[in-house]
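Structure file my_file09.pdb with PDB, C-alpha atoms:
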```
ATOM      1  CA  LEU A   1       6.187   1.904  11.272  1.00  0.00           C
ATOM      2  CA  ARG A   2       5.988   5.660  11.298  1.00  0.00           C
ATOM      3  CA  ARG A   3       4.567   8.529   9.345  1.00  0.00           C
ATOM      4  CA  PRO A   4       7.004   9.438   6.562  1.00  0.00           C
ATOM      5  CA  GLU A   5       9.055  12.538   7.235  1.00  0.00           C
ATOM      6  CA  PRO A   6      10.472  14.955   4.676  1.00  0.00           C
ATOM      7  CA  ALA A   7      13.827  13.180   5.082  1.00  0.00           C
ATOM      8  CA  ASP A   8      12.169   9.992   3.747  1.00  0.00           C
ATOM      9  CA  ALA A   9      11.379  11.572   0.379  1.00  0.00           C
ATOM     10  CA  GLU A  10      14.622  10.336  -1.190  1.00  0.00           C
ATOM     11  CA  ALA A  11      13.962   6.721  -0.142  1.00  0.00           C
ATOM     12  CA  PHE A  12      10.333   6.983  -1.277  1.00  0.00           C
ATOM     13  CA  ILE A  13      11.325   8.326  -4.678  1.00  0.00           C
ATOM     14  CA  ALA A  14      13.981   5.645  -5.072  1.00  0.00           C
ATOM     15  CA  VAL A  15      11.730   2.673  -4.284  1.00  0.00           C
ATOM     16  CA  HIS A  16       8.825   4.010  -6.341  1.00  0.00           C
ATOM     17  CA  SER A  17      10.985   4.602  -9.405  1.00  0.00           C
ATOM     18  CA  ALA A  18      13.294   1.562  -9.233  1.00  0.00           C
ATOM     19  CA  PRO A  19      12.489  -1.126 -11.841  1.00  0.00           C
ATOM     20  CA  GLU A  20      13.592  -3.913  -9.490  1.00  0.00           C
ATOM     21  CA  ALA A  21      10.905  -2.916  -6.957  1.00  0.00           C
ATOM     22  CA  HIS A  22       8.171  -3.366  -9.596  1.00  0.00           C
ATOM     23  CA  PRO A  23       8.529  -6.845 -11.118  1.00  0.00           C
ATOM     24  CA  TYR A  24       4.774  -7.482 -11.391  1.00  0.00           C
ATOM     25  CA  ASP A  25       3.322  -4.071 -12.027  1.00  0.00           C
ATOM     26  CA  ASP A  26       5.604  -2.046 -14.208  1.00  0.00           C
ATOM     27  CA  TRP A  27       2.670   0.325 -14.738  1.00  0.00           C
ATOM     28  CA  SER A  28       2.970   1.617 -11.160  1.00  0.00           C
ATOM     29  CA  ARG A  29       6.629   2.524 -11.463  1.00  0.00           C
ATOM     30  CA  ARG A  30       7.034   6.277 -11.471  1.00  0.00           C
ATOM     31  CA  SER A  31       9.629   8.636 -12.809  1.00  0.00           C
ATOM     32  CA  PRO A  32      11.511  10.375  -9.993  1.00  0.00           C
ATOM     33  CA  GLU A  33       9.422  13.497 -10.612  1.00  0.00           C
ATOM     34  CA  GLN A  34       6.159  11.526 -10.486  1.00  0.00           C
ATOM     35  CA  ALA A  35       7.319   9.724  -7.336  1.00  0.00           C
ATOM     36  CA  ARG A  36       8.042  13.094  -5.704  1.00  0.00           C
ATOM     37  CA  GLU A  37       4.527  14.280  -6.596  1.00  0.00           C
ATOM     38  CA  LEU A  38       3.117  11.060  -5.138  1.00  0.00           C
ATOM     39  CA  PHE A  39       5.115  11.536  -1.920  1.00  0.00           C
ATOM     40  CA  ASP A  40       3.791  15.085  -1.615  1.00  0.00           C
ATOM     41  CA  ARG A  41       0.220  13.906  -2.262  1.00  0.00           C
ATOM     42  CA  PHE A  42       0.574  11.202   0.380  1.00  0.00           C
ATOM     43  CA  GLN A  43       1.937  13.769   2.841  1.00  0.00           C
ATOM     44  CA  GLN A  44      -1.119  15.946   2.150  1.00  0.00           C
ATOM     45  CA  GLY A  45      -3.295  12.905   2.844  1.00  0.00           C
ATOM     46  CA  TRP A  46      -1.671  12.488   6.225  1.00  0.00           C
ATOM     47  CA  ALA A  47      -2.352  16.158   6.998  1.00  0.00           C
ATOM     48  CA  SER A  48      -6.002  16.055   5.913  1.00  0.00           C
ATOM     49  CA  ASP A  49      -7.021  12.496   6.854  1.00  0.00           C
ATOM     50  CA  GLY A  50      -4.675  11.603   9.712  1.00  0.00           C
ATOM     51  CA  ILE A  51      -3.799   8.405   7.894  1.00  0.00           C
ATOM     52  CA  GLY A  52      -1.534   7.250   5.117  1.00  0.00           C
ATOM     53  CA  TYR A  53       1.293   4.973   4.153  1.00  0.00           C
ATOM     54  CA  TRP A  54       4.036   4.496   6.719  1.00  0.00           C
ATOM     55  CA  ALA A  55       7.779   4.356   6.318  1.00  0.00           C
ATOM     56  CA  VAL A  56       8.789   0.810   7.285  1.00  0.00           C
ATOM     57  CA  ARG A  57      12.110   0.167   9.026  1.00  0.00           C
ATOM     58  CA  ARG A  58      13.573  -2.668  11.037  1.00  0.00           C
ATOM     59  CA  THR A  59      13.653  -1.957  14.749  1.00  0.00           C
ATOM     60  CA  GLY A  60      16.931  -0.273  15.565  1.00  0.00           C
ATOM     61  CA  ALA A  61      17.899   0.152  11.911  1.00  0.00           C
ATOM     62  CA  GLY A  62      18.031   3.435  10.082  1.00  0.00           C
ATOM     63  CA  GLU A  63      17.363   2.302   6.530  1.00  0.00           C
ATOM     64  CA  VAL A  64      13.858   2.399   5.129  1.00  0.00           C
ATOM     65  CA  LEU A  65      12.806  -1.031   3.842  1.00  0.00           C
ATOM     66  CA  GLY A  66       9.765   0.316   2.050  1.00  0.00           C
ATOM     67  CA  PHE A  67       6.437   2.018   2.507  1.00  0.00           C
ATOM     68  CA  GLY A  68       2.952   0.758   3.165  1.00  0.00           C
ATOM     69  CA  GLY A  69      -0.258   1.038   5.095  1.00  0.00           C
ATOM     70  CA  VAL A  70      -3.760   2.275   4.355  1.00  0.00           C
ATOM     71  CA  ARG A  71      -5.116   5.488   2.951  1.00  0.00           C
ATOM     72  CA  HIS A  72      -8.500   6.791   1.899  1.00  0.00           C
ATOM     73  CA  SER A  73      -9.469   5.837  -1.615  1.00  0.00           C
ATOM     74  CA  SER A  74     -12.569   4.812  -3.527  1.00  0.00           C
ATOM     75  CA  GLU A  75     -13.770   1.861  -5.535  1.00  0.00           C
ATOM     76  CA  GLY A  76     -16.406   3.218  -7.854  1.00  0.00           C
ATOM     77  CA  ASP A  77     -18.447   5.561  -5.685  1.00  0.00           C
ATOM     78  CA  GLU A  78     -17.678   3.736  -2.455  1.00  0.00           C
ATOM     79  CA  PRO A  79     -15.133   5.059   0.035  1.00  0.00           C
ATOM     80  CA  VAL A  80     -12.587   2.395   0.997  1.00  0.00           C
ATOM     81  CA  LEU A  81      -9.210   2.122   2.641  1.00  0.00           C
ATOM     82  CA  ASN A  82      -6.575   1.019   0.165  1.00  0.00           C
ATOM     83  CA  LEU A  83      -3.921  -1.239   1.672  1.00  0.00           C
ATOM     84  CA  ALA A  84      -0.696  -1.014  -0.280  1.00  0.00           C
ATOM     85  CA  TYR A  85       2.989  -1.733   0.144  1.00  0.00           C
ATOM     86  CA  ARG A  86       6.181  -1.229  -1.802  1.00  0.00           C
ATOM     87  CA  PHE A  87       9.432  -2.692  -0.481  1.00  0.00           C
ATOM     88  CA  TRP A  88      12.972  -3.009  -1.734  1.00  0.00           C
ATOM     89  CA  PRO A  89      13.675  -6.538  -3.061  1.00  0.00           C
ATOM     90  CA  SER A  90      16.218  -7.017  -0.259  1.00  0.00           C
ATOM     91  CA  ALA A  91      13.279  -6.911   2.190  1.00  0.00           C
ATOM     92  CA  TRP A  92      11.109  -9.424   0.298  1.00  0.00           C
ATOM     93  CA  GLY A  93      10.476 -12.807   1.888  1.00  0.00           C
ATOM     94  CA  ASN A  94      11.126 -11.627   5.441  1.00  0.00           C
ATOM     95  CA  GLY A  95       7.508 -11.111   6.482  1.00  0.00           C
ATOM     96  CA  TYR A  96       7.667  -7.309   6.570  1.00  0.00           C
ATOM     97  CA  ALA A  97       4.701  -6.758   4.231  1.00  0.00           C
ATOM     98  CA  PRO A  98       2.320  -9.086   6.128  1.00  0.00           C
ATOM     99  CA  GLU A  99       3.473  -7.644   9.462  1.00  0.00           C
ATOM    100  CA  MET A 100       2.921  -4.087   8.265  1.00  0.00           C
ATOM    101  CA  ALA A 101      -0.421  -5.025   6.691  1.00  0.00           C
ATOM    102  CA  ALA A 102      -1.631  -6.686   9.907  1.00  0.00           C
ATOM    103  CA  ALA A 103      -0.771  -3.508  11.831  1.00  0.00           C
ATOM    104  CA  ALA A 104      -2.678  -1.444   9.272  1.00  0.00           C
ATOM    105  CA  ILE A 105      -5.719  -3.716   9.589  1.00  0.00           C
ATOM    106  CA  ASP A 106      -5.557  -3.440  13.392  1.00  0.00           C
ATOM    107  CA  TRP A 107      -5.531   0.340  12.977  1.00  0.00           C
ATOM    108  CA  THR A 108      -8.624   0.194  10.738  1.00  0.00           C
ATOM    109  CA  ARG A 109     -10.460  -1.920  13.307  1.00  0.00           C
ATOM    110  CA  ARG A 110      -9.975   0.836  15.870  1.00  0.00           C
ATOM    111  CA  GLN A 111     -10.190   3.977  13.740  1.00  0.00           C
ATOM    112  CA  ARG A 112     -12.370   3.182  10.692  1.00  0.00           C
ATOM    113  CA  PRO A 113     -14.267  -0.003  11.642  1.00  0.00           C
ATOM    114  CA  ASP A 114     -17.015   0.427   9.052  1.00  0.00           C
ATOM    115  CA  TRP A 115     -14.728   1.080   6.088  1.00  0.00           C
ATOM    116  CA  PRO A 116     -13.914  -1.871   3.862  1.00  0.00           C
ATOM    117  CA  VAL A 117     -10.221  -2.423   3.196  1.00  0.00           C
ATOM    118  CA  VAL A 118      -9.076  -3.331  -0.314  1.00  0.00           C
ATOM    119  CA  ILE A 119      -5.895  -4.534  -1.931  1.00  0.00           C
ATOM    120  CA  VAL A 120      -5.684  -3.837  -5.662  1.00  0.00           C
ATOM    121  CA  THR A 121      -2.852  -5.608  -7.438  1.00  0.00           C
ATOM    122  CA  ASP A 122      -1.729  -6.889 -10.782  1.00  0.00           C
ATOM    123  CA  ALA A 123      -3.405 -10.203 -11.598  1.00  0.00           C
ATOM    124  CA  ASP A 124       0.027 -11.869 -11.929  1.00  0.00           C
ATOM    125  CA  ASN A 125       1.403 -10.597  -8.617  1.00  0.00           C
ATOM    126  CA  ALA A 126       1.376 -13.936  -6.789  1.00  0.00           C
ATOM    127  CA  PRO A 127       3.248 -12.642  -3.686  1.00  0.00           C
ATOM    128  CA  SER A 128       0.700  -9.851  -3.093  1.00  0.00           C
ATOM    129  CA  ILE A 129      -2.172 -12.241  -3.719  1.00  0.00           C
ATOM    130  CA  ARG A 130      -0.714 -14.661  -1.138  1.00  0.00           C
ATOM    131  CA  ILE A 131      -0.465 -11.835   1.405  1.00  0.00           C
ATOM    132  CA  ALA A 132      -4.075 -10.786   0.761  1.00  0.00           C
ATOM    133  CA  GLU A 133      -5.307 -14.350   1.225  1.00  0.00           C
ATOM    134  CA  LYS A 134      -3.120 -14.900   4.300  1.00  0.00           C
ATOM    135  CA  LEU A 135      -4.661 -11.804   5.901  1.00  0.00           C
ATOM    136  CA  GLY A 136      -8.211 -13.021   5.262  1.00  0.00           C
ATOM    137  CA  PHE A 137      -9.091 -10.888   2.255  1.00  0.00           C
ATOM    138  CA  ALA A 138     -11.540 -12.359  -0.240  1.00  0.00           C
ATOM    139  CA  LEU A 139     -11.266 -11.972  -3.980  1.00  0.00           C
ATOM    140  CA  HIS A 140     -13.847  -9.338  -4.821  1.00  0.00           C
ATOM    141  CA  GLU A 141     -13.284  -8.572  -8.486  1.00  0.00           C
ATOM    142  CA  ARG A 142     -11.178  -9.366 -11.519  1.00  0.00           C
ATOM    143  CA  ARG A 143     -10.981  -6.508 -13.971  1.00  0.00           C
ATOM    144  CA  VAL A 144      -8.976  -4.863 -16.675  1.00  0.00           C
ATOM    145  CA  ARG A 145      -8.043  -1.257 -16.044  1.00  0.00           C
ATOM    146  CA  ASP A 146      -6.029   0.796 -18.488  1.00  0.00           C
ATOM    147  CA  GLY A 147      -5.383  -2.365 -20.493  1.00  0.00           C
ATOM    148  CA  ARG A 148      -3.919  -4.380 -17.626  1.00  0.00           C
ATOM    149  CA  PRO A 149      -5.554  -7.204 -15.675  1.00  0.00           C
ATOM    150  CA  GLU A 150      -5.828  -6.645 -11.964  1.00  0.00           C
ATOM    151  CA  VAL A 151      -7.574  -8.164  -8.981  1.00  0.00           C
ATOM    152  CA  VAL A 152      -9.331  -6.497  -6.088  1.00  0.00           C
ATOM    153  CA  PHE A 153      -9.289  -8.191  -2.702  1.00  0.00           C
ATOM    154  CA  ARG A 154     -11.611  -6.963   0.004  1.00  0.00           C
ATOM    155  CA  LEU A 155     -11.831  -7.250   3.759  1.00  0.00           C
ATOM    156  CA  GLU A 156     -15.317  -6.312   4.909  1.00  0.00           C
ATOM    157  CA  HIS A 157     -15.756  -4.472   8.155  1.00  0.00           C
ATOM    158  CA  PRO A 158     -12.388  -5.412   9.645  1.00  0.00           C
ATOM    159  CA  ARG A 159     -13.781  -5.389  13.189  1.00  0.00           C
ATOM    160  CA  THR A 160     -15.715  -8.612  12.586  1.00  0.00           C
TER     161      THR A 160
END
```
Rewrite the structure from the file as structure tokens, please.
Amino acid sequence: LRRPEPADAEAFIAVHSAPEAHPYDDWSRRSPEQARELFDRFQQGWASDGIGYWAVRRTGAGEVLGFGGVRHSSEGDEPVLNLAYRFWPSAWGNGYAPEMAAAAIDWTRRQRPDWPVVIVTDADNAPSIRIAEKLGFALHERRVRDGRPEVVFRLEHPRT
């Protein structure tokens, strides 16, 4: 896990715009231009907040498997840390997302212990829901946003 570098932009754009990486939430797929803007925005978040989504690679391997981690966000008027991940399908089922997510939660326990951590996902995204439950998140809300059903999982005060 490491902070994305400018050289990771191509991999970021590819995974965030590839249909096969978005089987449950087609709404979050971006055009390459939108993915580039998102990468730049996430890089700005790293610069201003000292936190953001990591590039995820296997130890000793050069290829990026995906991106994930936590970044500052809000739910309503409340500041939260949004835990998110996006991996290539070839990385699915190998435990990379839960491993990355556990590292992100450990980071929040040390650096932002009073901030709740949330996972917002499509209501039909069973793999993400399983990860949230496996990590101890509780279902906080079911809602419809922009015409699509989604669920919000929440981990209160990760230090406890």
Radius query 6 Å about (-11.8, 1.9, -0.6), atoms used: all atoms listed in the file, as a VMD selection string: chain A and resid 73 to 75 79 to 82 117 to 118
Can you pull out the residues contacting segment 52-66 of chain A? Cut-off 6 Å, using only C-alpha atoms, and skip same-chain residues under 4 positions away; I want them as a PDB file with C-alpha atoms, in the coordinates of the input.
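Written out: result28.pdb:
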```
ATOM      1  CA  LEU A   1       6.187   1.904  11.272  1.00  0.00           C
ATOM      2  CA  ARG A   2       5.988   5.660  11.298  1.00  0.00           C
ATOM      3  CA  ARG A   3       4.567   8.529   9.345  1.00  0.00           C
ATOM      4  CA  PRO A   4       7.004   9.438   6.562  1.00  0.00           C
ATOM      5  CA  TRP A  46      -1.671  12.488   6.225  1.00  0.00           C
ATOM      6  CA  VAL A  70      -3.760   2.275   4.355  1.00  0.00           C
ATOM      7  CA  ARG A  71      -5.116   5.488   2.951  1.00  0.00           C
ATOM      8  CA  ARG A  86       6.181  -1.229  -1.802  1.00  0.00           C
ATOM      9  CA  PHE A  87       9.432  -2.692  -0.481  1.00  0.00           C
ATOM     10  CA  TRP A  88      12.972  -3.009  -1.734  1.00  0.00           C
TER      11      TRP A  88
END
```
As a check of understanding: the span from atom CA of Tyr96 of chain A to atom CA of Gln111 of chain A is 22.3 Å
If I take atom CA of Arg36 of chain A and atom CA of Asp124 of chain A, how far is one from the other in Å, to one decimal? 26.9 Å
Expanded to explicit residues, what is the PyMOL selection byres ((chain A and resi 144-155) around 9) for this file, as a PyMOL selection string? chain A and resi 27+116-125+129+132-133+135-143+156-158
What does the distance from atom CA of His72 of chain A to atom CA of Glu33 of chain A come to in Å, to one decimal?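 Answer for the atom CA of His72 of chain A to atom CA of Glu33 of chain A separation: 22.9 Å.
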For Lys134 of chain A, which of A:Glu99, A:Arg109, A:Asp114, A:His16 is the closest residue, counting only C-alpha atoms?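 Closest to Lys134 of chain A, using only C-alpha atoms: A:Glu99.
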Padding 8 Å on each side, edges along x, y and z: where is the centre of the box around the listed atoms of segment 109-123 of chain A, and how long are its edges in Å to one decimal? Output it as JSON.
```
{"center_x": -9.4, "center_y": -3.1, "center_z": 2.1, "size_x": 31.3, "size_y": 30.2, "size_z": 43.5}
```
Hey, which of A:Pro113, A:Pro127, A:Phe12, A:Arg41 ends up closest to Trp92 of chain A? Count all atoms listed in the file.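 With all atoms listed in the file as the atom set, the closest residue is A:Pro127.
Using only C-alpha atoms, the smallest distance between any of A:Ser17, A:Thr108, A:Gln34, A:Ser90 and Ile51 of chain A comes from A:Thr108.
Nearest residue to Ser128 of chain A among A:Ala104, A:Gln44, A:Ile13, A:Ala97 is A:Ala97, counting all atoms listed in the file.
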Calculated over only C-alpha atoms, which of the candidates A:Trp115, A:Met100, A:Ser48, A:Arg110 has the smallest distance to Ile131 of chain A?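 Among the listed residues, the smallest separation from Ile131 of chain A belongs to A:Met100.
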